[in-house]
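**Q** File name protein_30.cif; file contents mmCIF, C-alpha atoms; full text below.
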data_entry
loop_
_atom_site.group_PDB
_atom_site.id
_atom_site.type_symbol
_atom_site.label_atom_id
_atom_site.label_comp_id
_atom_site.auth_asym_id
_atom_site.auth_seq_id
_atom_site.Cartn_x
_atom_site.Cartn_y
_atom_site.Cartn_z
ATOM 1 C CA MET T 1 -5.957 8.945 -258.047
ATOM 2 C CA SER T 2 -7.740 9.137 -261.419
ATOM 3 C CA ARG T 3 -6.427 5.659 -262.249
ATOM 4 C CA ILE T 4 -7.980 4.249 -259.059
ATOM 5 C CA SER T 5 -11.369 5.802 -259.792
ATOM 6 C CA GLN T 6 -11.393 4.398 -263.328
ATOM 7 C CA PRO T 7 -13.928 1.570 -263.792
ATOM 8 C CA ALA T 8 -12.516 -1.884 -264.504
ATOM 9 C CA ILE T 9 -14.655 -2.093 -267.652
ATOM 10 C CA SER T 10 -15.848 1.003 -269.502
ATOM 11 C CA THR T 11 -19.316 0.675 -271.017
ATOM 12 C CA GLN T 12 -18.615 3.839 -273.023
ATOM 13 C CA ARG T 13 -15.661 2.267 -274.799
ATOM 14 C CA ILE T 14 -17.668 -0.892 -275.470
ATOM 15 C CA ALA T 15 -20.594 1.154 -276.813
ATOM 16 C CA ALA T 16 -18.225 3.151 -279.019
ATOM 17 C CA MET T 17 -16.837 -0.045 -280.551
ATOM 18 C CA ILE T 18 -20.344 -1.438 -281.123
ATOM 19 C CA LEU T 19 -21.364 1.817 -282.793
ATOM 20 C CA ARG T 20 -18.259 1.673 -284.985
ATOM 21 C CA TYR T 21 -19.083 -1.849 -286.178
ATOM 22 C CA TRP T 22 -22.749 -0.943 -286.649
ATOM 23 C CA TYR T 23 -21.853 1.991 -288.930
ATOM 24 C CA VAL T 24 -19.533 -0.263 -290.955
ATOM 25 C CA LEU T 25 -22.342 -2.808 -291.297
ATOM 26 C CA ILE T 26 -25.159 -0.480 -292.362
ATOM 27 C CA SER T 27 -22.903 1.472 -294.728
ATOM 28 C CA SER T 28 -22.588 -1.581 -296.990
ATOM 29 C CA TRP T 29 -25.720 -3.129 -298.513
ATOM 30 C CA PRO T 30 -23.816 -6.277 -299.632
ATOM 31 C CA ARG T 31 -22.947 -6.944 -295.986
ATOM 32 C CA MET T 32 -26.598 -6.621 -294.977
ATOM 33 C CA LEU T 33 -27.748 -8.758 -297.906
ATOM 34 C CA GLU T 34 -25.308 -11.542 -296.992
ATOM 35 C CA LEU T 35 -26.680 -11.648 -293.441
ATOM 36 C CA LEU T 36 -30.201 -12.130 -294.796
ATOM 37 C CA TYR T 37 -29.547 -14.245 -297.892
ATOM 38 C CA TRP T 38 -27.862 -17.380 -296.553
ATOM 39 C CA PRO T 39 -30.179 -18.018 -293.575
ATOM 40 C CA ALA T 40 -33.226 -17.515 -295.806
ATOM 41 C CA LEU T 41 -31.809 -19.867 -298.442
ATOM 42 C CA GLN T 42 -31.053 -22.530 -295.827
ATOM 43 C CA ILE T 43 -34.464 -22.518 -294.186
ATOM 44 C CA ILE T 44 -36.313 -22.649 -297.513
ATOM 45 C CA THR T 45 -34.138 -25.479 -298.869
ATOM 46 C CA TRP T 46 -34.224 -27.627 -295.717
ATOM 47 C CA GLY T 47 -37.877 -26.840 -295.104
ATOM 48 C CA PHE T 48 -38.902 -28.233 -298.485
ATOM 49 C CA ILE T 49 -36.649 -31.252 -297.905
ATOM 50 C CA GLN T 50 -38.461 -31.940 -294.637
ATOM 51 C CA ASN T 51 -41.836 -31.558 -296.338
ATOM 52 C CA TYR T 52 -40.823 -34.100 -298.955
ATOM 53 C CA ILE T 53 -39.391 -36.603 -296.452
ATOM 54 C CA SER T 54 -42.350 -36.287 -294.093
ATOM 55 C CA GLN T 55 -44.687 -37.232 -296.939
ATOM 56 C CA ASN T 56 -42.676 -40.383 -297.609
ATOM 57 C CA ALA T 57 -41.379 -41.492 -294.205
ATOM 58 C CA GLY T 58 -43.397 -42.118 -291.063
ATOM 59 C CA PHE T 59 -40.570 -41.120 -288.730
ATOM 60 C CA PHE T 60 -40.283 -37.593 -290.096
ATOM 61 C CA ALA T 61 -44.040 -37.273 -290.224
ATOM 62 C CA ARG T 62 -44.043 -37.872 -286.452
ATOM 63 C CA ALA T 63 -40.982 -35.681 -285.916
ATOM 64 C CA GLY T 64 -42.816 -32.515 -286.889
ATOM 65 C CA GLY T 65 -40.480 -29.526 -287.325
ATOM 66 C CA THR T 66 -37.397 -31.249 -285.941
ATOM 67 C CA LEU T 67 -35.356 -30.770 -289.104
ATOM 68 C CA VAL T 68 -36.384 -27.121 -289.512
ATOM 69 C CA GLY T 69 -35.690 -26.484 -285.819
ATOM 70 C CA ALA T 70 -32.251 -28.081 -286.162
ATOM 71 C CA VAL T 71 -31.444 -25.859 -289.143
ATOM 72 C CA ILE T 72 -32.393 -22.717 -287.189
ATOM 73 C CA LEU T 73 -30.423 -23.748 -284.098
ATOM 74 C CA TRP T 74 -27.390 -24.645 -286.219
ATOM 75 C CA ASP T 75 -27.563 -21.231 -287.861
ATOM 76 C CA ILE T 76 -27.595 -19.577 -284.428
ATOM 77 C CA LEU T 77 -24.433 -21.487 -283.540
ATOM 78 C CA PHE T 78 -22.657 -20.866 -286.838
ATOM 79 C CA ARG T 79 -23.768 -17.266 -287.381
ATOM 80 C CA GLY T 80 -23.000 -16.356 -283.778
ATOM 81 C CA GLN T 81 -19.384 -17.429 -284.237
ATOM 82 C CA LEU T 82 -19.149 -15.907 -287.709
ATOM 83 C CA GLY T 83 -20.629 -12.582 -286.569
ATOM 84 C CA PHE T 84 -18.004 -12.400 -283.832
ATOM 85 C CA SER T 85 -15.122 -13.403 -286.085
ATOM 86 C CA ILE T 86 -16.045 -11.201 -289.060
ATOM 87 C CA SER T 87 -15.954 -8.044 -286.934
ATOM 88 C CA PHE T 88 -12.546 -9.134 -285.658
ATOM 89 C CA LEU T 89 -11.266 -9.934 -289.151
ATOM 90 C CA GLU T 90 -12.352 -6.529 -290.423
ATOM 91 C CA GLU T 91 -9.909 -5.002 -287.958
ATOM 92 C CA MET T 92 -7.185 -7.314 -289.266
ATOM 93 C CA TRP T 93 -7.977 -6.548 -292.900
ATOM 94 C CA ALA T 94 -7.865 -2.793 -292.156
ATOM 95 C CA ARG T 95 -4.580 -3.226 -290.204
ATOM 96 C CA ASN T 96 -6.263 -1.407 -287.355
ATOM 97 C CA LEU T 97 -5.794 -3.972 -284.592
ATOM 98 C CA GLY T 98 -2.465 -2.545 -283.471
ATOM 99 C CA ASN T 99 -4.072 0.877 -283.055
ATOM 100 C CA LEU T 100 -6.887 -0.568 -280.953
ATOM 101 C CA MET T 101 -4.536 -2.498 -278.691
ATOM 102 C CA MET T 102 -2.442 0.643 -278.096
ATOM 103 C CA SER T 103 -5.543 2.667 -277.194
ATOM 104 C CA PRO T 104 -7.190 2.728 -273.721
ATOM 105 C CA LEU T 105 -9.490 -0.055 -274.975
ATOM 106 C CA LYS T 106 -8.956 -3.163 -272.875
ATOM 107 C CA PRO T 107 -8.946 -6.663 -274.383
ATOM 108 C CA ILE T 108 -12.020 -7.634 -272.352
ATOM 109 C CA GLU T 109 -13.881 -4.557 -273.655
ATOM 110 C CA PHE T 110 -12.867 -5.429 -277.205
ATOM 111 C CA LEU T 111 -14.210 -8.980 -276.802
ATOM 112 C CA LEU T 112 -17.458 -7.792 -275.192
ATOM 113 C CA ALA T 113 -18.011 -5.405 -278.111
ATOM 114 C CA LEU T 114 -17.466 -8.272 -280.558
ATOM 115 C CA MET T 115 -19.964 -10.391 -278.608
ATOM 116 C CA ALA T 116 -22.588 -7.658 -278.752
ATOM 117 C CA MET T 117 -21.982 -7.184 -282.471
ATOM 118 C CA SER T 118 -22.392 -10.905 -283.075
ATOM 119 C CA LEU T 119 -25.853 -10.703 -281.483
ATOM 120 C CA ILE T 120 -26.800 -7.806 -283.756
ATOM 121 C CA ARG T 121 -25.584 -9.610 -286.874
ATOM 122 C CA LEU T 122 -27.322 -12.782 -285.728
ATOM 123 C CA ALA T 123 -30.650 -11.032 -285.174
ATOM 124 C CA ILE T 124 -30.581 -9.569 -288.698
ATOM 125 C CA GLY T 125 -30.344 -13.050 -290.196
ATOM 126 C CA ILE T 126 -32.237 -15.252 -287.744
ATOM 127 C CA ILE T 127 -35.428 -13.239 -287.217
ATOM 128 C CA PRO T 128 -36.387 -13.252 -290.946
ATOM 129 C CA MET T 129 -35.372 -16.934 -291.045
ATOM 130 C CA THR T 130 -37.802 -17.856 -288.261
ATOM 131 C CA LEU T 131 -40.564 -15.841 -289.920
ATOM 132 C CA LEU T 132 -40.019 -17.712 -293.194
ATOM 133 C CA ALA T 133 -40.222 -21.009 -291.306
ATOM 134 C CA MET T 134 -43.521 -19.880 -289.827
ATOM 135 C CA VAL T 135 -45.035 -18.683 -293.110
ATOM 136 C CA PHE T 136 -43.850 -21.442 -295.469
ATOM 137 C CA PHE T 137 -43.703 -24.497 -293.209
ATOM 138 C CA GLY T 138 -45.991 -23.709 -290.278
ATOM 139 C CA PHE T 139 -43.145 -24.081 -287.786
ATOM 140 C CA ASN T 140 -43.370 -21.505 -284.988
ATOM 141 C CA PHE T 141 -39.870 -21.456 -283.525
ATOM 142 C CA TYR T 142 -40.948 -19.113 -280.739
ATOM 143 C CA ALA T 143 -43.644 -21.534 -279.564
ATOM 144 C CA ILE T 144 -40.847 -23.570 -277.956
ATOM 145 C CA GLY T 145 -41.091 -21.046 -275.120
ATOM 146 C CA PHE T 146 -38.727 -20.986 -272.142
ATOM 147 C CA PRO T 147 -36.499 -23.851 -273.394
ATOM 148 C CA LEU T 148 -35.726 -21.697 -276.433
ATOM 149 C CA ILE T 149 -33.942 -19.197 -274.151
ATOM 150 C CA LEU T 150 -31.724 -21.962 -272.775
ATOM 151 C CA PHE T 151 -31.100 -23.380 -276.253
ATOM 152 C CA PHE T 152 -30.126 -19.945 -277.531
ATOM 153 C CA CYS T 153 -27.883 -19.046 -274.584
ATOM 154 C CA ASN T 154 -25.975 -22.309 -274.721
ATOM 155 C CA LEU T 155 -25.427 -22.060 -278.473
ATOM 156 C CA ILE T 156 -24.339 -18.432 -278.382
ATOM 157 C CA PHE T 157 -21.921 -19.106 -275.511
ATOM 158 C CA THR T 158 -20.344 -21.919 -277.530
ATOM 159 C CA SER T 159 -20.134 -19.707 -280.616
ATOM 160 C CA TRP T 160 -18.371 -17.001 -278.594
ATOM 161 C CA SER T 161 -15.921 -19.529 -277.149
ATOM 162 C CA VAL T 162 -14.990 -20.697 -280.634
ATOM 163 C CA GLY T 163 -14.911 -17.116 -281.944
ATOM 164 C CA ILE T 164 -12.575 -15.952 -279.180
ATOM 165 C CA PHE T 165 -10.287 -18.944 -279.688
ATOM 166 C CA VAL T 166 -9.969 -18.620 -283.486
ATOM 167 C CA SER T 167 -9.564 -14.835 -283.194
ATOM 168 C CA GLY T 168 -6.647 -15.428 -280.858
ATOM 169 C CA LEU T 169 -5.054 -17.768 -283.394
ATOM 170 C CA VAL T 170 -5.432 -15.216 -286.199
ATOM 171 C CA LEU T 171 -4.124 -12.527 -283.869
ATOM 172 C CA ARG T 172 -0.970 -14.525 -283.183
ATOM 173 C CA TYR T 173 -0.337 -16.171 -286.548
ATOM 174 C CA GLY T 174 -1.821 -13.557 -288.881
ATOM 175 C CA LEU T 175 -4.232 -13.882 -291.779
ATOM 176 C CA GLY T 176 -2.467 -17.046 -292.874
ATOM 177 C CA ALA T 177 -4.622 -18.719 -290.194
ATOM 178 C CA GLU T 178 -7.816 -17.013 -291.402
ATOM 179 C CA SER T 179 -9.245 -20.184 -292.948
ATOM 180 C CA ILE T 180 -9.753 -21.689 -289.492
ATOM 181 C CA VAL T 181 -12.395 -19.005 -288.834
ATOM 182 C CA TRP T 182 -14.567 -20.483 -291.586
ATOM 183 C CA THR T 183 -13.819 -24.178 -291.096
ATOM 184 C CA LEU T 184 -13.572 -24.956 -287.363
ATOM 185 C CA MET T 185 -17.312 -24.811 -286.721
ATOM 186 C CA PHE T 186 -17.982 -27.145 -289.648
ATOM 187 C CA GLY T 187 -15.500 -29.570 -288.111
ATOM 188 C CA MET T 188 -17.670 -29.569 -284.989
ATOM 189 C CA MET T 189 -20.844 -30.123 -287.008
ATOM 190 C CA PRO T 190 -20.803 -33.974 -287.270
ATOM 191 C CA LEU T 191 -20.040 -34.325 -283.550
ATOM 192 C CA ALA T 192 -22.757 -31.889 -282.450
ATOM 193 C CA CYS T 193 -25.388 -34.356 -283.762
ATOM 194 C CA ILE T 194 -27.490 -31.651 -285.354
ATOM 195 C CA TYR T 195 -29.658 -33.849 -287.571
ATOM 196 C CA TYR T 196 -29.375 -37.217 -285.804
ATOM 197 C CA PRO T 197 -29.179 -38.531 -282.218
ATOM 198 C CA VAL T 198 -25.882 -39.215 -280.448
ATOM 199 C CA THR T 199 -26.601 -42.947 -280.525
ATOM 200 C CA VAL T 200 -25.897 -42.942 -284.277
ATOM 201 C CA LEU T 201 -22.193 -42.309 -283.572
ATOM 202 C CA PRO T 202 -19.728 -45.091 -282.693
ATOM 203 C CA HIS T 203 -19.466 -45.606 -278.929
ATOM 204 C CA TRP T 204 -15.941 -44.183 -278.693
ATOM 205 C CA LEU T 205 -17.054 -41.048 -280.570
ATOM 206 C CA GLN T 206 -20.114 -40.504 -278.386
ATOM 207 C CA ALA T 207 -17.856 -39.486 -275.491
ATOM 208 C CA VAL T 208 -16.337 -36.766 -277.690
ATOM 209 C CA ALA T 209 -19.789 -35.577 -278.758
ATOM 210 C CA TRP T 210 -20.942 -35.276 -275.136
ATOM 211 C CA ALA T 211 -17.976 -32.988 -274.442
ATOM 212 C CA LEU T 212 -19.531 -30.372 -276.771
ATOM 213 C CA PRO T 213 -22.366 -28.148 -275.443
ATOM 214 C CA PRO T 214 -24.289 -28.037 -278.776
ATOM 215 C CA THR T 215 -24.839 -31.793 -278.559
ATOM 216 C CA TYR T 216 -26.910 -31.269 -275.404
ATOM 217 C CA VAL T 217 -28.935 -28.537 -277.112
ATOM 218 C CA PHE T 218 -29.818 -30.609 -280.187
ATOM 219 C CA GLU T 219 -30.622 -33.666 -278.068
ATOM 220 C CA GLY T 220 -32.807 -31.423 -275.905
ATOM 221 C CA MET T 221 -34.571 -30.019 -278.964
ATOM 222 C CA ARG T 222 -35.395 -33.500 -280.278
ATOM 223 C CA ALA T 223 -36.687 -34.577 -276.861
ATOM 224 C CA LEU T 224 -38.896 -31.484 -276.727
ATOM 225 C CA LEU T 225 -40.318 -31.649 -280.256
ATOM 226 C CA MET T 226 -40.651 -35.415 -280.574
ATOM 227 C CA GLU T 227 -41.338 -36.605 -277.024
ATOM 228 C CA HIS T 228 -42.684 -33.304 -275.596
ATOM 229 C CA VAL T 229 -40.206 -33.574 -272.702
ATOM 230 C CA PHE T 230 -37.974 -30.735 -271.560
ATOM 231 C CA ARG T 231 -34.582 -32.120 -270.497
ATOM 232 C CA ALA T 232 -33.394 -29.622 -267.885
ATOM 233 C CA ASP T 233 -30.493 -31.937 -267.023
ATOM 234 C CA LEU T 234 -29.102 -31.584 -270.534
ATOM 235 C CA MET T 235 -29.277 -27.791 -270.360
ATOM 236 C CA ALA T 236 -27.565 -27.723 -266.956
ATOM 237 C CA ASP T 237 -24.708 -29.875 -268.249
ATOM 238 C CA ALA T 238 -24.336 -27.655 -271.311
ATOM 239 C CA ILE T 239 -24.143 -24.508 -269.164
ATOM 240 C CA VAL T 240 -21.363 -26.011 -267.029
ATOM 241 C CA ILE T 241 -19.317 -27.038 -270.065
ATOM 242 C CA ASN T 242 -19.879 -23.638 -271.673
ATOM 243 C CA ALA T 243 -18.639 -21.862 -268.543
ATOM 244 C CA VAL T 244 -15.420 -23.890 -268.714
ATOM 245 C CA LEU T 245 -15.014 -23.235 -272.458
ATOM 246 C CA ILE T 246 -15.568 -19.488 -272.088
ATOM 247 C CA ALA T 247 -12.965 -19.275 -269.310
ATOM 248 C CA ILE T 248 -10.442 -21.286 -271.337
ATOM 249 C CA SER T 249 -11.041 -19.250 -274.504
ATOM 250 C CA PHE T 250 -10.517 -15.956 -272.641
ATOM 251 C CA ALA T 251 -7.281 -17.261 -271.110
ATOM 252 C CA VAL T 252 -6.013 -18.537 -274.485
ATOM 253 C CA PHE T 253 -6.883 -15.245 -276.207
ATOM 254 C CA LEU T 254 -4.978 -13.204 -273.618
ATOM 255 C CA MET T 255 -2.009 -15.569 -273.872
ATOM 256 C CA LEU T 256 -1.967 -15.302 -277.675
ATOM 257 C CA LEU T 257 -2.360 -11.517 -277.439
ATOM 258 C CA ARG T 258 0.743 -11.284 -275.248
ATOM 259 C CA SER T 259 2.609 -13.518 -277.677
ATOM 260 C CA ALA T 260 1.459 -11.396 -280.640
ATOM 261 C CA ARG T 261 2.753 -8.246 -278.936
ATOM 262 C CA GLN T 262 6.124 -9.881 -278.335
ATOM 263 C CA HIS T 263 6.417 -11.036 -281.943
ATOM 264 C CA GLY T 264 5.043 -7.837 -283.489
ATOM 265 C CA SER T 265 2.048 -9.600 -285.097
ATOM 266 C CA LEU T 266 -0.355 -6.789 -284.219
ATOM 267 C CA ILE T 267 1.021 -4.497 -286.907
ATOM 268 C CA GLN T 268 1.181 -7.158 -289.627
ATOM 269 C CA THR T 269 -1.531 -8.821 -291.669
ATOM 270 C CA GLY T 270 0.410 -12.056 -291.788
ATOM 271 C CA GLU T 271 0.516 -14.611 -294.591
#
For the file at hand, write its structure as structure tokens.
**A**
Amino acid sequence: MSRISQPAISTQRIAAMILRYWYVLISSWPRMLELLYWPALQIITWGFIQNYISQNAGFFARAGGTLVGAVILWDILFRGQLGFSISFLEEMWARNLGNLMMSPLKPIEFLLALMAMSLIRLAIGIIPMTLLAMVFFGFNFYAIGFPLILFFCNLIFTSWSVGIFVSGLVLRYGLGAESIVWTLMFGMMPLACIYYPVTVLPHWLQAVAWALPPTYVFEGMRALLMEHVFRADLMADAIVINAVLIAISFAVFLMLLRSARQHGSLIQTGE
């Protein structure tokens, strides 16, 4: 009877995992510094590059903060995935994943906790980054308004999809597959058309680019900042693709988890 009355997803277990990761994060100042350092370095570097180009090229002078906005949105995408994956990898490095999977914690609760932690890690880096953009380059990221919510949601959903997928691969094949955590998102970078429109790509590659939700976000950002037009159609398409990617990533993770249990990968670090 107690089994029947148990909730399908326990918010207490999720909150406990979030609290665990939060304590690990704040107990190490190098971890906190890393979250702040790289986003700040990126926005300052690319901001000055945009200032220089805008003084010497009419296109960028008209484009306003497009380059700075692209840098911030890219960091949301990249840091969202990295924040998810780092918390997962810390369990692998500590050889604690087997213990978690043998506890009452369900895989879905584990993933939801990682998602929440990625938001916390992301906020620590992105908020100071946007403030630096405002102070140094006069670019108010929050002035984008309602479209910013859709941009953010689509990017974070994509980052979670990638994070869940690569975590499943590391779960199954061990830390020998760890490098994919750091490199897969960069492989997506040229196709997401972060700093240039999709039309720059060869025609056959444009179809691949349009299969990725971030492409719709960056195209939507350029339309908003340069043409002052909000492309709701692009955001709707991105949401649909993201829903499919999230569902696939969950299914793949659960499949790889079952395979890892069968092969005993949960109690090994792997090489």
**Q** List as a list in words the protein and nucleic acid residues near segment 212-214 of chain T, meaning an atom at most 7 Å away when all atoms listed in the file are counted, but skip any in the same chain fewer than 4 places from it.
**A**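 The residues satisfying every condition are Asn154, Leu155, Thr158, Ala192, Phe218, Ala238, Ile241 and Asn242 of chain T.
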**Q** Only C-alpha atoms, please: the residues just picked out, written as a PDB file, keeping the file's coordinate frame.
**A**
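Result written to result-v3.pdb:
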ATOM      1  CA  ASN T 154     -25.975 -22.309-274.721  1.00  0.00           C
ATOM      2  CA  LEU T 155     -25.427 -22.060-278.473  1.00  0.00           C
ATOM      3  CA  THR T 158     -20.344 -21.919-277.530  1.00  0.00           C
ATOM      4  CA  ALA T 192     -22.757 -31.889-282.450  1.00  0.00           C
ATOM      5  CA  PHE T 218     -29.818 -30.609-280.187  1.00  0.00           C
ATOM      6  CA  ALA T 238     -24.336 -27.655-271.311  1.00  0.00           C
ATOM      7  CA  ILE T 241     -19.317 -27.038-270.065  1.00  0.00           C
ATOM      8  CA  ASN T 242     -19.879 -23.638-271.673  1.00  0.00           C
TER       9      ASN T 242
END
**Q** Carefully work through the PyMOL selection byres ((chain T and resi 25-39) around 9) for this structure and note down the residues it includes, as a list in words.
**A**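 Output from the PyMOL selection byres ((chain T and resi 25-39) around 9), applied to this file: Arg20, Tyr21, Trp22, Tyr23, Val24, Ala40, Leu41, Gln42, Ile43, Ile44, Ile72, Asp75, Arg79, Arg121, Leu122, Ile124, Gly125, Ile126, Pro128 and Met129 of chain T.
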**Q** Find the residue from T:Gly83, T:Ala207, T:Leu171, T:Pro147 that sits nearest to Arg95 of chain T; use all atoms listed in the file when measuring.
**A**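 The answer is T:Leu171, which sits nearest to Arg95 of chain T.
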**Q** Mind checking which residues fall within 10 Å of Ser10 of chain T, counting only C-alpha atoms, ignoring those fewer than 2 positions away in the same chain, and posting them as an mmCIF file with C-alpha atoms, in the frame of the given file?
**A**
data_model
loop_
_atom_site.group_PDB
_atom_site.id
_atom_site.type_symbol
_atom_site.label_atom_id
_atom_site.label_comp_id
_atom_site.auth_asym_id
_atom_site.auth_seq_id
_atom_site.Cartn_x
_atom_site.Cartn_y
_atom_site.Cartn_z
ATOM 1 C CA GLN T 6 -11.393 4.398 -263.328
ATOM 2 C CA PRO T 7 -13.928 1.570 -263.792
ATOM 3 C CA ALA T 8 -12.516 -1.884 -264.504
ATOM 4 C CA GLN T 12 -18.615 3.839 -273.023
ATOM 5 C CA ARG T 13 -15.661 2.267 -274.799
ATOM 6 C CA ILE T 14 -17.668 -0.892 -275.470
ATOM 7 C CA ALA T 15 -20.594 1.154 -276.813
ATOM 8 C CA PRO T 104 -7.190 2.728 -273.721
ATOM 9 C CA LEU T 105 -9.490 -0.055 -274.975
ATOM 10 C CA LYS T 106 -8.956 -3.163 -272.875
ATOM 11 C CA ILE T 108 -12.020 -7.634 -272.352
ATOM 12 C CA GLU T 109 -13.881 -4.557 -273.655
#
**Q** Applied to this file, what does the PyMOL selection byres ((chain T and resi 220-223) around 8) return in terms of residues, put as a list in words?
**A** Thr66, Gly69, Ala70, Phe151, Tyr216, Val217, Phe218, Glu219, Leu224, Leu225, Met226, Glu227, His228, Val229, Phe230, Arg231, Leu234 and Met235 of chain T
**Q** Which value, in Å to one decimal, gives the distance between atom CA of Ile246 of chain T and atom CA of Met185 of chain T?
**A**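 That distance, rounded to one decimal, is 15.7 Å.
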**Q** List, as a VMD selection string, every residue that the PyMOL selection byres ((chain T and resi 168) around 9) selects in the file provided.
**A** chain T and resid 163 to 167 169 to 173 249 252 to 257
**Q** In Å, with one decimal, what is the gap from atom CA of Val198 of chain T to atom CA of Ala232 of chain T?
**A** 17.5 Å
**Q** Using all atoms listed in the file, which of T:Phe152, T:Trp204, T:Phe146, T:Phe137 sits nearest Leu119 of chain T?
**A** T:Phe152
**Q** Just how far from atom CA of Gln81 of chain T is atom CA of Gln206 of chain T, in Å to one decimal?
**A**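 Distance between the two atoms: 23.8 Å.
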**Q** Counting all atoms listed in the file, figure out which residue out of T:Trp93, T:Phe84, T:Tyr142, T:Phe110 gets nearest to Val162 of chain T.
**A** T:Phe84
**Q** Measuring atom to atom with only C-alpha atoms, identify which of T:Ile180, T:Leu201, T:Leu132, T:Met115 is nearest to Ser159 of chain T.
**A**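 The shortest atom-to-atom distance to Ser159 of chain T comes from T:Met115.
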**Q** Could you check the closest approach to Phe141 of chain T for each of T:Ser87, T:Ile18, T:Ala116, T:Ile127 and tell me which residue wins, using only C-alpha atoms?
**A**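 Using only C-alpha atoms, the shortest distance to Phe141 of chain T belongs to T:Ile127.
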**Q** Identify which of the residues T:Leu19, T:Leu67, T:Val135, T:Cys153 lies closest to Ala236 of chain T, counting all atoms listed in the file when measuring atom-to-atom distances.
**A**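 Among the listed residues, T:Cys153 lies closest to Ala236 of chain T.
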